[in-house]
Amino acid sequence: MGDPPGRVLRARRVVPVSTPPIDDGAVEVRGGVVAWVGRWKDWRGVGLRVEDLGESILMPGLVNAHCHLDYTSLAGQIAPTRAFPDWIKGILAAKSALSDAEFEASWKEGARQLVATGTTTVANIESLPHLAAGLRAGTPLRVHSFVEMTGVRSQRDPAELVAGAMAHVEGWRASGGRGDAGLSPHAPYSTLPALLDEVRRAAGRSGCRVTMHVAESREEFEMFMYRRGAMHEWLQQQRPDDDCGVGSPVQLVARHGLTGPAFLAVHVNYLWDDDARLLGESGSHVVHCPRSHAYFKHQRFPASELAQAGVRACLGTDSLASTRPTGGGAPPVLSMFDEMAAFMAHDSTVSAAEVLAMATVRGAAAMGLSDGTGTVAAGAPADFCVIPDDGSAADVHEVIVRHAGYVSETWIAGVREASRA
């Protein structure tokens, strides 16, 4: 397949994110990347097809820094529970009832929803990595796949578990697809110290990134800080608890050398005194999933504490298994716009511009992307989403975070992949 044809996209407003918004803007695309961006009246090119998007906002494709595509079909299937371990038991039971074909269909539907709601790059947790190669090849999304590992229930040897995961990582990387690959030890409570050490060594050798659910629930925090609580009681017969009662979940992953610029700590809802500093000084990234956070009714996300420590948090969707129905009881969909709106609804201290950055450039930074992903800038991938411009005089970032539903268009590598027209 050759490169997509060169063209110019014109819109009422172009929002590069990395630079100020442009009224009556234009973007020239060649070979799947942005060749030029600026005011329409300043474009001097010739011989290219011009597409006028009309009363629209053209902005970067959104970057989803944490997702479980294969749980899409579980939307509304698991009711919120009083104790987090009970929800874990529920999703384990729901997953065990699904066939590989059902997981594949769920993954594909989740990918379709992301493209239709403007996401172009996603960090996805692969719970069935043997299915991922074909799924990755069948979607236009830039999928950065992370192999999920636990080891507690299976009792598999940690070295063997990581070796198998790295075989998938190396295979996906060698395939030349649009996204990278990495490792995902699931969470402190579902893994063992030896597995975390093996992950650190494998990631160090390969240069791959690591993502992990960390300090997600109060029960997890109590298990590791105090060696007590519902999660500790549930797991004490399934795993040794030598790592419990000696510090917070954040301190645990730091002790095993996982924190650093290539580490994505997902959730991080419950912090001990020095946890934010540990994350900030190590250069670790934090991924906040606002709708999942609201589903479990966690305590307030420590956004300001993390920011003061130098942590630039980004956003992810998590899965629809932990997302409540939308207004009117409609089934939820995977949407970074809905995540931005949920965050704005629960934290009035952040600006719309900052929330948009969390859904674009910050997610790209967390995923180690330095090619301009998450921006509209010369040399960046031609990944865009387009939404209607309501014509108001409001700040364009406010218009963006108020958007609901599907986008008008999604472009990936200079190709229109979704359109409501």
# chains A, B, ... in the order shown; residues from 1 in each chain; ligands from 1
>>> residues_around(residues="segment 117-126 of chain A", least_positions_apart="4", cutoff="8 Å", atoms="only C-alpha atoms", output="VMD selection string")
chain A and resid 61 to 70 113 132 141 to 148 184 334 to 337 367 383 to 386 405 to 407 409 to 412
>>> select_by_dssp(residues="segment 364-409 of chain A", states="helix (DSSP H, G or I)", output="list in words")
Ala364, Ala365, Ala366, Val396, His397, Glu398, Val399, Ile400, Val401 and Arg402 of chain A
>>> write_last_selection(atoms="C-alpha atoms", output="compact mmCIF listing (two decimals), in the first residue's frame")
# COMPACT_ATOMS: atom_id res chain seq x y z
CA ALA A 364 2.18 10.35 24.33
CA ALA A 365 5.02 11.21 26.71
CA ALA A 366 3.98 8.40 29.06
CA VAL A 396 -11.99 26.40 22.21
CA HIS A 397 -10.65 24.05 24.90
CA GLU A 398 -13.96 24.40 26.76
CA VAL A 399 -15.82 23.47 23.58
CA ILE A 400 -13.63 20.40 23.20
CA VAL A 401 -14.10 19.02 26.71
CA ARG A 402 -17.87 19.55 26.41
>>> residues_around(residues="Asp197 of chain A", least_positions_apart="2", cutoff="9 Å", atoms="only C-alpha atoms", output="list in words")
Pro158, Leu192, Pro193, Ala194, Leu195, Val199, Arg200, Arg201, Ala202, His256, Gly257 and Leu258 of chain A
>>> closest_residue(among="A:Ala93, A:Asn269, A:Val169, A:Leu98", to="His130 of chain A", atoms="only C-alpha atoms")
A:Val169
>>> residues_around(residues="Arg7 of chain A", least_positions_apart="4", cutoff="9 Å", atoms="only C-alpha atoms", output="PyMOL selection string")
chain A and resi 27-30+47-51+414
>>> atom_distance(atom1="atom CA of Gly31 of chain A", atom2="atom CA of Asp3 of chain A")
5.1 Å
>>> closest_residue(among="A:Lys89, A:Lys297, A:His346, A:Thr373", to="Arg324 of chain A", atoms="only C-alpha atoms")
A:Lys297
>>> atom_distance(atom1="atom CA of Ala359 of chain A", atom2="atom CA of Pro16 of chain A")
12.9 Å
>>> closest_residue(among="A:Ser190, A:Ser282, A:Ser18, A:Ser319", to="Gly151 of chain A", atoms="only C-alpha atoms")
A:Ser190
>>> residues_around(residues="Ser175 of chain A", least_positions_apart="3", cutoff="12 Å", atoms="only C-alpha atoms", output="PyMOL selection string")
chain A and resi 132-134+136-137+168-172+178-181
>>> write_last_selection(atoms="C-alpha atoms", output="JSON list (two decimals), in the first residue's frame")
[["chain", "number", "residue", "atom", "x", "y", "z"],
["A", 132, "ALA", "CA", -3.22, -9.91, 19.84],
["A", 133, "ALA", "CA", -1.09, -10.20, 16.69],
["A", 134, "GLY", "CA", -4.08, -10.61, 14.39],
["A", 136, "ARG", "CA", -3.38, -5.43, 16.11],
["A", 137, "ALA", "CA", -3.03, -5.98, 12.37],
["A", 168, "HIS", "CA", 5.09, -11.86, 22.42],
["A", 169, "VAL", "CA", 6.71, -8.44, 22.87],
["A", 170, "GLU", "CA", 9.54, -9.30, 20.50],
["A", 171, "GLY", "CA", 7.15, -10.80, 17.96],
["A", 172, "TRP", "CA", 4.92, -7.72, 17.92],
["A", 178, "ARG", "CA", 2.07, 0.91, 14.17],
["A", 179, "GLY", "CA", 2.48, 0.45, 17.92],
["A", 180, "ASP", "CA", 5.13, -0.72, 20.36],
["A", 181, "ALA", "CA", 4.87, -3.43, 23.03]]
>>> closest_residue(among="A:Pro332, A:Arg239, A:His285, A:Ala321", to="Ala309 of chain A", atoms="only C-alpha atoms")
A:His285
>>> atom_distance(atom1="atom CA of Ala378 of chain A", atom2="atom CA of Val34 of chain A")
4.9 Å
>>> closest_residue(among="A:Val350, A:Pro80, A:Pro261, A:Leu369", to="His293 of chain A", atoms="only C-alpha atoms")
A:Pro80
>>> residues_around(residues="Ala413 of chain A", least_positions_apart="3", cutoff="6 Å", atoms="only C-alpha atoms", output="PyMOL selection string")
chain A and resi 32+381-383
>>> closest_residue(among="A:Gln236, A:Ser304, A:Thr323, A:Ser154", to="Arg291 of chain A", atoms="only C-alpha atoms")
A:Thr323
>>> residues_around(residues="Ala159 of chain A", least_positions_apart="3", cutoff="7 Å", atoms="only C-alpha atoms", output="PDB file with N, CA and C atoms, in the first residue's frame")
ATOM      1  N   VAL A 162       7.733 -14.460  32.437  1.00  0.00           N
ATOM      2  CA  VAL A 162       8.281 -13.278  31.769  1.00  0.00           C
ATOM      3  C   VAL A 162       8.897 -13.646  30.422  1.00  0.00           C
ATOM      4  N   ALA A 163       9.532 -14.786  30.344  1.00  0.00           N
ATOM      5  CA  ALA A 163      10.103 -15.226  29.066  1.00  0.00           C
ATOM      6  C   ALA A 163       9.007 -15.390  28.014  1.00  0.00           C
ATOM      7  N   GLU A 198      11.863 -10.068  37.860  1.00  0.00           N
ATOM      8  CA  GLU A 198      12.067 -10.577  36.499  1.00  0.00           C
ATOM      9  C   GLU A 198      11.619  -9.547  35.460  1.00  0.00           C
TER      10      GLU A 198
END
>>> select_by_dssp(residues="segment 78-254 of chain A", states="strand (DSSP E or B)", output="list in words")
Thr119, Thr120, Thr121, Val122, Ala123, Asn124, Ile125, Glu126, Arg142, Val143, His144, Ser145, Phe146, Val147, Glu148, Met149, Ala181, Gly182, Leu183, Ser184, Pro185, Val210, Thr211, Met212, His213 and Val214 of chain A
